[in-house]
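Coordinates as given in my_file-v5.cif (mmCIF, C-alpha atoms):
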data_data
loop_
_atom_site.group_PDB
_atom_site.id
_atom_site.type_symbol
_atom_site.label_atom_id
_atom_site.label_comp_id
_atom_site.auth_asym_id
_atom_site.auth_seq_id
_atom_site.Cartn_x
_atom_site.Cartn_y
_atom_site.Cartn_z
ATOM 1 C CA MET C 56 86.217 102.773 102.323
ATOM 2 C CA GLU C 57 89.650 103.027 100.758
ATOM 3 C CA TYR C 58 90.928 104.250 104.124
ATOM 4 C CA VAL C 59 89.613 101.096 105.790
ATOM 5 C CA ARG C 60 91.271 98.914 103.162
ATOM 6 C CA ALA C 61 94.561 100.828 103.475
ATOM 7 C CA PHE C 62 94.364 100.454 107.256
ATOM 8 C CA ILE C 63 93.773 96.697 107.069
ATOM 9 C CA VAL C 64 96.478 95.957 104.488
ATOM 10 C CA GLY C 65 99.082 98.282 106.009
ATOM 11 C CA GLY C 66 98.305 97.098 109.520
ATOM 12 C CA THR C 67 98.601 93.465 108.499
ATOM 13 C CA ILE C 68 102.000 93.990 106.866
ATOM 14 C CA CYS C 69 103.264 95.735 110.025
ATOM 15 C CA LEU C 70 101.766 92.965 112.168
ATOM 16 C CA ILE C 71 103.734 90.370 110.193
ATOM 17 C CA GLY C 72 106.873 92.384 110.855
ATOM 18 C CA GLN C 73 106.087 92.604 114.571
ATOM 19 C CA VAL C 74 105.432 88.865 114.903
ATOM 20 C CA LEU C 75 108.712 88.142 113.076
ATOM 21 C CA MET C 76 110.568 90.473 115.458
ATOM 22 C CA ASP C 77 109.010 88.873 118.547
ATOM 23 C CA THR C 78 109.287 85.219 117.589
ATOM 24 C CA THR C 79 112.659 85.230 115.807
ATOM 25 C CA LYS C 80 115.900 87.030 116.515
ATOM 26 C CA LEU C 81 115.523 89.309 113.479
ATOM 27 C CA THR C 82 116.462 92.917 114.250
ATOM 28 C CA ALA C 83 114.665 95.915 112.788
ATOM 29 C CA ALA C 84 117.394 96.357 110.150
ATOM 30 C CA ARG C 85 117.012 92.759 109.002
ATOM 31 C CA ILE C 86 113.253 93.131 108.849
ATOM 32 C CA LEU C 87 113.638 96.172 106.588
ATOM 33 C CA VAL C 88 116.047 94.340 104.261
ATOM 34 C CA LEU C 89 113.802 91.278 104.250
ATOM 35 C CA PHE C 90 110.676 93.298 103.464
ATOM 36 C CA VAL C 91 112.259 95.256 100.606
ATOM 37 C CA THR C 92 113.617 92.087 99.036
ATOM 38 C CA ALA C 93 110.289 90.333 99.553
ATOM 39 C CA GLY C 94 108.603 93.264 97.786
ATOM 40 C CA VAL C 95 110.899 92.904 94.773
ATOM 41 C CA VAL C 96 110.313 89.146 94.646
ATOM 42 C CA MET C 97 106.542 89.557 94.961
ATOM 43 C CA ALA C 98 106.603 92.166 92.183
ATOM 44 C CA GLY C 99 108.419 89.636 90.010
ATOM 45 C CA LEU C 100 105.909 86.893 90.774
ATOM 46 C CA GLY C 101 102.972 89.253 90.187
ATOM 47 C CA ILE C 102 101.560 88.656 93.689
ATOM 48 C CA TYR C 103 101.860 92.202 94.969
ATOM 49 C CA GLU C 104 99.965 93.933 92.129
ATOM 50 C CA PRO C 105 96.511 92.778 93.354
ATOM 51 C CA ILE C 106 97.410 93.761 96.932
ATOM 52 C CA VAL C 107 98.225 97.291 95.730
ATOM 53 C CA GLU C 108 95.010 97.410 93.693
ATOM 54 C CA TRP C 109 92.970 96.521 96.767
ATOM 55 C CA GLY C 110 94.892 98.162 99.588
ATOM 56 C CA GLY C 111 96.179 101.338 97.925
ATOM 57 C CA ALA C 112 98.562 103.198 100.234
ATOM 58 C CA GLY C 113 98.265 100.317 102.712
ATOM 59 C CA ALA C 114 100.374 98.299 100.291
ATOM 60 C CA THR C 115 102.636 101.027 98.895
ATOM 61 C CA VAL C 116 103.621 102.793 102.145
ATOM 62 C CA PRO C 117 105.260 99.796 103.912
ATOM 63 C CA LEU C 118 108.740 98.868 102.723
ATOM 64 C CA THR C 119 107.360 95.927 100.752
ATOM 65 C CA GLY C 120 105.751 98.623 98.578
ATOM 66 C CA PHE C 121 109.160 100.234 98.115
ATOM 67 C CA GLY C 122 110.470 96.856 96.949
ATOM 68 C CA TYR C 123 107.444 96.461 94.714
ATOM 69 C CA SER C 124 108.123 99.838 93.058
ATOM 70 C CA LEU C 125 111.761 98.839 92.515
ATOM 71 C CA GLY C 126 110.782 95.526 90.944
ATOM 72 C CA LYS C 127 107.917 96.885 88.861
ATOM 73 C CA GLY C 128 110.072 99.770 87.621
ATOM 74 C CA ALA C 129 112.803 97.363 86.538
ATOM 75 C CA ILE C 130 110.349 95.132 84.661
ATOM 76 C CA GLU C 131 108.622 98.036 82.908
ATOM 77 C CA GLU C 132 111.893 99.643 81.889
ATOM 78 C CA VAL C 133 113.264 96.328 80.588
ATOM 79 C CA GLU C 134 110.268 96.127 78.253
ATOM 80 C CA LYS C 135 111.037 99.633 76.966
ATOM 81 C CA ALA C 136 114.833 99.734 76.897
ATOM 82 C CA GLY C 137 116.067 96.140 77.191
ATOM 83 C CA LEU C 138 119.042 95.245 79.365
ATOM 84 C CA LEU C 139 119.776 98.866 80.245
ATOM 85 C CA GLY C 140 116.309 99.077 81.765
ATOM 86 C CA ALA C 141 117.172 96.423 84.329
ATOM 87 C CA PHE C 142 119.691 98.861 85.769
ATOM 88 C CA THR C 143 117.773 102.115 85.384
ATOM 89 C CA GLY C 144 114.155 101.055 85.898
ATOM 90 C CA GLY C 145 114.001 100.272 89.592
ATOM 91 C CA ILE C 146 115.865 103.338 90.729
ATOM 92 C CA LYS C 147 113.989 105.598 88.299
ATOM 93 C CA ALA C 148 110.705 104.470 89.825
ATOM 94 C CA THR C 149 111.845 105.105 93.395
ATOM 95 C CA ALA C 150 114.146 108.086 92.780
ATOM 96 C CA GLY C 151 111.822 110.577 94.457
ATOM 97 C CA GLY C 152 111.556 108.642 97.698
ATOM 98 C CA ILE C 153 115.271 107.870 97.874
ATOM 99 C CA ALA C 154 116.426 111.408 97.077
ATOM 100 C CA GLY C 155 113.849 112.728 99.542
ATOM 101 C CA ALA C 156 114.964 110.346 102.263
ATOM 102 C CA VAL C 157 118.636 111.213 101.816
ATOM 103 C CA THR C 158 118.118 114.983 101.544
ATOM 104 C CA PHE C 159 115.526 115.397 104.303
ATOM 105 C CA GLY C 160 117.385 112.865 106.434
ATOM 106 C CA TYR C 161 120.550 114.913 106.141
ATOM 107 C CA ILE C 162 118.824 118.226 106.830
ATOM 108 C CA MET C 163 117.004 116.911 109.906
ATOM 109 C CA ALA C 164 120.141 115.268 111.255
ATOM 110 C CA VAL C 165 121.998 118.577 110.944
ATOM 111 C CA LEU C 166 119.181 120.676 112.426
ATOM 112 C CA PHE C 167 118.283 118.475 115.393
ATOM 113 C CA ASN C 168 120.203 116.800 118.163
ATOM 114 C CA PRO C 169 119.322 113.455 119.707
ATOM 115 C CA LYS C 170 117.026 113.692 122.703
ATOM 116 C CA THR C 171 118.459 112.261 125.872
ATOM 117 C CA LYS C 172 116.796 108.959 126.513
ATOM 118 C CA PRO C 173 114.831 108.676 129.781
ATOM 119 C CA MET G 73 157.005 31.786 156.782
ATOM 120 C CA LYS G 74 154.115 30.283 154.928
ATOM 121 C CA LYS G 75 151.685 32.049 157.188
ATOM 122 C CA LYS G 76 153.466 35.363 156.670
ATOM 123 C CA ALA G 77 153.318 35.008 152.872
ATOM 124 C CA LEU G 78 149.653 34.176 153.024
ATOM 125 C CA TYR G 79 149.038 37.143 155.194
ATOM 126 C CA ALA G 80 150.909 39.423 152.779
ATOM 127 C CA LYS G 81 148.862 38.090 149.898
ATOM 128 C CA GLU G 82 145.619 38.683 151.751
ATOM 129 C CA ASN G 83 146.769 42.109 152.708
ATOM 130 C CA TYR G 84 147.653 42.906 149.109
ATOM 131 C CA ARG G 85 144.226 41.749 147.914
ATOM 132 C CA GLY G 86 142.579 43.782 150.579
ATOM 133 C CA GLN G 87 144.498 46.868 149.501
ATOM 134 C CA CYS G 88 143.518 46.247 145.875
ATOM 135 C CA THR G 89 139.816 46.074 146.657
ATOM 136 C CA ALA G 90 140.138 49.120 148.845
ATOM 137 C CA ILE G 91 141.737 51.079 146.023
ATOM 138 C CA LYS G 92 139.098 49.838 143.588
ATOM 139 C CA GLN G 93 136.356 50.900 145.960
ATOM 140 C CA GLN G 94 138.005 54.259 146.373
ATOM 141 C CA THR G 95 138.149 54.850 142.619
ATOM 142 C CA ILE G 96 134.513 53.850 142.276
ATOM 143 C CA ASN G 97 133.595 56.218 145.075
ATOM 144 C CA ARG G 98 135.656 58.952 143.536
ATOM 145 C CA ARG G 99 133.950 58.441 140.179
ATOM 146 C CA LYS G 100 130.608 58.564 141.923
ATOM 147 C CA ASP G 101 131.683 61.793 143.575
ATOM 148 C CA VAL G 102 132.650 63.247 140.206
ATOM 149 C CA ASP G 103 129.333 62.159 138.747
ATOM 150 C CA TYR G 104 127.581 63.692 141.698
ATOM 151 C CA VAL G 105 129.474 66.954 141.364
ATOM 152 C CA ASP G 106 128.700 67.004 137.637
ATOM 153 C CA ALA G 107 125.069 66.382 138.329
ATOM 154 C CA VAL G 108 124.989 69.189 140.853
ATOM 155 C CA LYS G 109 126.763 71.507 138.433
ATOM 156 C CA GLN G 110 124.356 70.631 135.665
ATOM 157 C CA HIS G 111 121.420 71.145 137.915
ATOM 158 C CA GLN G 112 122.750 74.511 138.987
ATOM 159 C CA GLN G 113 123.275 75.483 135.361
ATOM 160 C CA GLU G 114 119.743 74.460 134.465
ATOM 161 C CA GLU G 115 118.421 76.396 137.394
ATOM 162 C CA TYR G 116 120.452 79.410 136.327
ATOM 163 C CA GLN G 117 119.157 79.158 132.736
ATOM 164 C CA GLN G 118 115.629 79.025 134.067
ATOM 165 C CA PHE G 119 116.352 81.992 136.306
ATOM 166 C CA ILE G 120 117.666 83.993 133.347
ATOM 167 C CA LYS G 121 114.694 82.935 131.245
ATOM 168 C CA ASP G 122 112.334 84.190 133.895
ATOM 169 C CA LYS G 123 114.254 87.453 134.218
ATOM 170 C CA ILE G 124 114.210 88.304 130.469
ATOM 171 C CA PRO G 125 110.958 90.105 129.818
ATOM 172 C CA LYS G 126 108.842 88.011 127.493
ATOM 173 C CA PRO G 127 107.492 90.011 124.568
ATOM 174 C CA ASN G 128 103.776 90.312 124.937
ATOM 175 C CA LEU G 129 102.883 88.975 121.500
ATOM 176 C CA LEU G 130 99.263 90.020 121.402
ATOM 177 C CA ARG G 131 99.773 93.533 122.766
ATOM 178 C CA ASN G 132 102.715 94.157 120.401
ATOM 179 C CA ALA G 133 100.840 92.760 117.420
ATOM 180 C CA ILE G 134 97.811 94.977 118.058
ATOM 181 C CA ALA G 135 99.980 98.076 118.575
ATOM 182 C CA ALA G 136 101.895 97.361 115.354
ATOM 183 C CA PHE G 137 98.669 96.753 113.434
ATOM 184 C CA VAL G 138 96.979 99.944 114.611
ATOM 185 C CA VAL G 139 99.951 102.290 114.238
ATOM 186 C CA GLY G 140 101.020 100.739 110.916
ATOM 187 C CA GLY G 141 97.457 101.038 109.646
ATOM 188 C CA LEU G 142 97.227 104.675 110.738
ATOM 189 C CA ILE G 143 100.498 105.595 109.018
ATOM 190 C CA CYS G 144 99.214 103.953 105.832
ATOM 191 C CA ASP G 145 96.002 105.986 106.147
ATOM 192 C CA VAL G 146 98.083 109.156 106.355
ATOM 193 C CA GLY G 147 99.787 107.922 103.178
ATOM 194 C CA GLN G 148 96.383 107.355 101.576
ATOM 195 C CA PHE G 149 95.349 110.877 102.473
ATOM 196 C CA ILE G 150 98.535 112.383 100.999
ATOM 197 C CA SER G 151 98.078 110.271 97.885
ATOM 198 C CA ASN G 152 94.472 111.429 97.422
ATOM 199 C CA PHE G 153 95.516 115.016 98.073
ATOM 200 C CA GLY G 154 98.188 114.811 95.380
ATOM 201 C CA GLN G 155 95.768 113.292 92.881
ATOM 202 C CA ASN G 156 92.981 115.765 93.519
ATOM 203 C CA TYR G 157 94.829 119.050 94.013
ATOM 204 C CA PHE G 158 97.937 118.644 91.865
ATOM 205 C CA ASN G 159 96.372 116.350 89.242
ATOM 206 C CA LEU G 160 99.274 113.950 89.496
ATOM 207 C CA ASN G 161 99.300 110.723 87.485
ATOM 208 C CA LYS G 162 99.716 107.308 89.103
ATOM 209 C CA ASP G 163 103.527 107.165 89.128
ATOM 210 C CA ASP G 164 103.916 110.774 90.230
ATOM 211 C CA THR G 165 101.405 110.218 93.017
ATOM 212 C CA SER G 166 103.408 107.361 94.510
ATOM 213 C CA ALA G 167 106.609 109.446 94.290
ATOM 214 C CA PHE G 168 104.826 112.433 95.868
ATOM 215 C CA THR G 169 103.448 110.285 98.699
ATOM 216 C CA ALA G 170 106.841 108.735 99.365
ATOM 217 C CA ILE G 171 108.562 112.129 99.474
ATOM 218 C CA VAL G 172 106.009 113.678 101.859
ATOM 219 C CA LEU G 173 106.004 110.646 104.166
ATOM 220 C CA VAL G 174 109.788 110.527 104.229
ATOM 221 C CA PHE G 175 109.826 114.240 105.091
ATOM 222 C CA LEU G 176 107.354 113.698 107.933
ATOM 223 C CA GLY G 177 109.283 110.664 109.215
ATOM 224 C CA ALA G 178 112.559 112.580 109.202
ATOM 225 C CA LEU G 179 111.023 115.660 110.867
ATOM 226 C CA LEU G 180 109.295 113.651 113.605
ATOM 227 C CA THR G 181 112.522 111.762 114.263
ATOM 228 C CA GLY G 182 114.407 115.034 114.587
ATOM 229 C CA LEU G 183 111.822 116.307 117.064
ATOM 230 C CA GLY G 184 112.100 113.072 119.052
ATOM 231 C CA ILE G 185 108.449 112.197 118.518
ATOM 232 C CA TYR G 186 108.978 109.247 116.192
ATOM 233 C CA ASP G 187 111.069 107.330 118.711
ATOM 234 C CA ARG G 188 108.292 107.766 121.239
ATOM 235 C CA ILE G 189 105.816 106.323 118.736
ATOM 236 C CA GLY G 190 108.304 103.555 118.003
ATOM 237 C CA ARG G 191 108.588 102.546 121.636
ATOM 238 C CA PHE G 192 104.848 101.953 121.647
ATOM 239 C CA ALA G 193 104.363 100.547 118.153
ATOM 240 C CA GLY G 194 107.443 98.450 117.397
ATOM 241 C CA ALA G 195 107.276 97.210 113.828
ATOM 242 C CA GLY G 196 104.247 99.422 113.219
ATOM 243 C CA SER G 197 106.641 102.359 113.010
ATOM 244 C CA VAL G 198 109.588 100.459 111.484
ATOM 245 C CA VAL G 199 107.985 98.845 108.433
ATOM 246 C CA PRO G 200 106.340 101.920 106.799
ATOM 247 C CA ILE G 201 108.566 104.178 104.703
ATOM 248 C CA THR G 202 108.557 106.715 107.559
ATOM 249 C CA GLY G 203 110.553 104.108 109.475
ATOM 250 C CA PHE G 204 113.082 104.107 106.653
ATOM 251 C CA ALA G 205 113.496 107.865 107.139
ATOM 252 C CA ASN G 206 113.764 107.286 110.891
ATOM 253 C CA SER G 207 116.538 104.740 110.318
ATOM 254 C CA ILE G 208 118.452 107.422 108.388
ATOM 255 C CA VAL G 209 118.035 110.363 110.784
ATOM 256 C CA SER G 210 118.543 108.528 114.101
ATOM 257 C CA PRO G 211 122.130 107.308 113.600
ATOM 258 C CA ALA G 212 123.032 110.465 111.651
ATOM 259 C CA MET G 213 122.099 112.657 114.642
ATOM 260 C CA GLU G 214 123.805 110.277 117.039
ATOM 261 C CA PHE G 215 127.128 110.394 115.199
ATOM 262 C CA LYS G 216 127.168 114.116 114.434
ATOM 263 C CA ARG G 217 130.103 114.664 116.782
ATOM 264 C CA GLU G 218 132.210 112.490 114.462
ATOM 265 C CA GLY G 219 131.889 115.162 111.800
ATOM 266 C CA TYR G 220 129.732 115.860 108.805
ATOM 267 C CA VAL G 221 131.398 113.470 106.375
ATOM 268 C CA LEU G 222 132.242 110.298 108.270
ATOM 269 C CA GLY G 223 129.757 111.067 111.033
ATOM 270 C CA VAL G 224 126.471 112.285 109.560
ATOM 271 C CA GLY G 225 127.229 111.456 105.934
ATOM 272 C CA ALA G 226 128.370 107.900 106.512
ATOM 273 C CA LYS G 227 126.268 106.821 109.487
ATOM 274 C CA MET G 228 123.038 107.857 107.728
ATOM 275 C CA PHE G 229 123.302 104.646 105.780
ATOM 276 C CA ILE G 230 124.002 102.254 108.616
ATOM 277 C CA ILE G 231 120.543 100.682 108.132
ATOM 278 C CA ALA G 232 119.385 102.400 104.931
ATOM 279 C CA GLY G 233 122.559 101.209 103.160
ATOM 280 C CA PRO G 234 121.792 97.493 103.418
ATOM 281 C CA VAL G 235 118.171 98.181 102.459
ATOM 282 C CA LEU G 236 119.280 99.969 99.299
ATOM 283 C CA VAL G 237 121.975 97.375 98.525
ATOM 284 C CA TYR G 238 119.564 94.454 98.653
ATOM 285 C CA GLY G 239 116.690 96.399 97.121
ATOM 286 C CA PHE G 240 118.687 97.677 94.127
ATOM 287 C CA SER G 241 120.504 94.414 93.532
ATOM 288 C CA SER G 242 117.374 92.317 93.593
ATOM 289 C CA SER G 243 115.562 94.748 91.292
ATOM 290 C CA VAL G 244 118.426 94.580 88.769
ATOM 291 C CA ALA G 245 118.394 90.787 89.044
ATOM 292 C CA LEU G 246 114.617 90.779 88.534
ATOM 293 C CA GLY G 247 114.969 92.989 85.447
ATOM 294 C CA ILE G 248 117.564 90.642 83.941
ATOM 295 C CA LEU G 249 115.442 87.574 84.752
ATOM 296 C CA HIS G 250 112.468 89.259 83.122
ATOM 297 C CA LEU G 251 114.564 89.983 80.034
ATOM 298 C CA LEU G 252 115.708 86.365 79.809
ATOM 299 C CA PHE G 253 112.523 84.456 80.541
ATOM 300 C CA SER G 254 109.488 86.426 79.519
ATOM 301 C CA ARG G 255 109.953 86.787 75.775
#
Take the structure in the file and write it out as structure tokens.
Amino acid sequence: MEYVRAFIVGGTICLIGQVLMDTTKLTAARILVLFVTAGVVMAGLGIYEPIVEWGGAGATVPLTGFGYSLGKGAIEEVEKAGLLGAFTGGIKATAGGIAGAVTFGYIMAVLFNPKTKP
Amino acid sequence: MKKKALYAKENYRGQCTAIKQQTINRRKDVDYVDAVKQHQQEEYQQFIKDKIPKPNLLRNAIAAFVVGGLICDVGQFISNFGQNYFNLNKDDTSAFTAIVLVFLGALLTGLGIYDRIGRFAGAGSVVPITGFANSIVSPAMEFKREGYVLGVGAKMFIIAGPVLVYGFSSSVALGILHLLFSR
């Protein structure tokens, strides 16, 4: 059942992105920036928490979930460490993903060459 | 003499009206030419509009929904795996899932498979975190010939950079707002 919920929530978030790309002139890069920022904002407003509770990975895997982790991390760390937490919290919470993306991204880019486009 | 003067006057008047008529005609011509030009332009715009392939909204939306949903299900599986086999707590599970997905996204991009998925799925492959990894590897591979520092190292962040800039900044701003307003 949790797979069905993850499918529905994740699919819907991607569908919103697709409709935005088709109906406006937003490029993929702008969509990514928009979704991350929207995730942070929704974390701040407390809207995204229930979506994560219900949708599990369907809510955390899309980039809005990345934004949500950033925002939630910042809020939690502010409660523990005050102003310093605003700077450390978000990145602490997402450090694994970011370090992974940079490291694996670098390795793969070095190992592989672009395929010629048909 | 009188007759000659009268004749000259008539002649002059006639010339005046002729010139007036000519200017009117000329203006009409200009208007006509403008109208034709405008019409041609409109026709051309229409022609271009017909030539640009219209995105098939429904087909794209379904593809994005299905592929996005499937990628999230893979994430759900990895998350469950981490919880059950490595006994990870909630925060560690989300980090674990992100790292594995990012690895898969980067690997599939390197192999050229992710771009093939992307051509079919559109936003379904862009919005998940695997798409973030894809946005790092793709330009990095493309610019390898410009060297490993300003080529791979710099171009990795051509899309990921803005994402991190806006993500980090807004999270810091949110933390400060939380500090100011929720006590």
Test item: residues at most 7 Å from stretch 124-130 of chain C, all atoms listed in the file, excluding those fewer than 3 positions along its chain, as a VMD selection string: (chain C and resid 95 98 to 99 120 to 121 133 to 134 140 to 141 143 to 146 148 to 149) or (chain G and resid 243 to 244 246 to 247 250)
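Interatomic distance, atom CA of G:Ile134 against atom CA of G:Gly194: 10.3 Å.
Picked by the PyMOL selection byres ((chain G and resi 231) around 9) from the coordinates shown: Ala83, Ala84, Arg85, Leu87 and Val88 of chain C; Phe204, Ser207, Ile208, Pro211, Lys227, Met228, Phe229, Ile230, Ala232, Gly233, Pro234, Val235 and Leu236 of chain G.
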Atom CA of G:Thr181 to atom CA of G:Ala212, distance in Å rounded to a single decimal: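 These two atoms are separated by 10.9 Å.
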Residues near C:Met97, cut-off 9 Å, only C-alpha atoms, skip fewer than 4 positions along chain, as a PyMOL selection string: chain C and resi 92-93+101-104+119+122-123+126
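Applied to the file shown here, the PyMOL selection byres ((chain G and resi 175) around 9) selects the residues Gly155, Ala156, Phe159 and Gly160 of chain C; Ala170, Ile171, Val172, Leu173, Val174, Leu176, Gly177, Ala178, Leu179, Leu180, Thr202 and Ala205 of chain G.
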Picked residues, the PyMOL selection byres ((chain C and resi 112-118) around 9), as a ChimeraX atom specification: /C:57-58,60-69,87-88,90-91,94,103,106-111,119-124 /G:140-141,143-149,151,166,169-170,173,198-204
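The spacing separating atom CA of G:Val237 from atom CA of C:Gly151 amounts to 17.1 Å.
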Option closest in space to chain C, from G:Ala133, G:Ile185, G:Val221, G:Ala193 [counting all atoms listed in the file]: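 The closest residue to chain C is G:Ala133.
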Enclose the full set of atoms of stretch 172-189 of chain G listed in the file within a box whose edges lie along x, y and z, apply 8 Å of padding to each of the six sides, and report centre and edge lengths in Å to one decimal as AutoDock Vina command-line options.
--center_x 110.1 --center_y 111.3 --center_z 111.5 --size_x 24.6 --size_y 26.0 --size_z 35.4
For C:Lys170, the nearest of the candidates G:Asp106, G:Glu214, G:Glu114, G:Asp164, counting all atoms listed in the file: G:Glu214
Option closest in space to chain C, from G:Asn206, G:Gln94, G:Gln118, G:Gln110 [counting only C-alpha atoms]: G:Asn206
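If you measure from each of G:Lys162, G:Phe153, G:Leu129, G:Ala80 to chain C using all atoms listed in the file, the closest one turns out to be G:Leu129.
Minimum atom-to-atom distances from G:Asp163, G:Asp103, G:Glu82, G:Asp122 to chain C were compared using all atoms listed in the file, and the lowest value belongs to G:Asp163.
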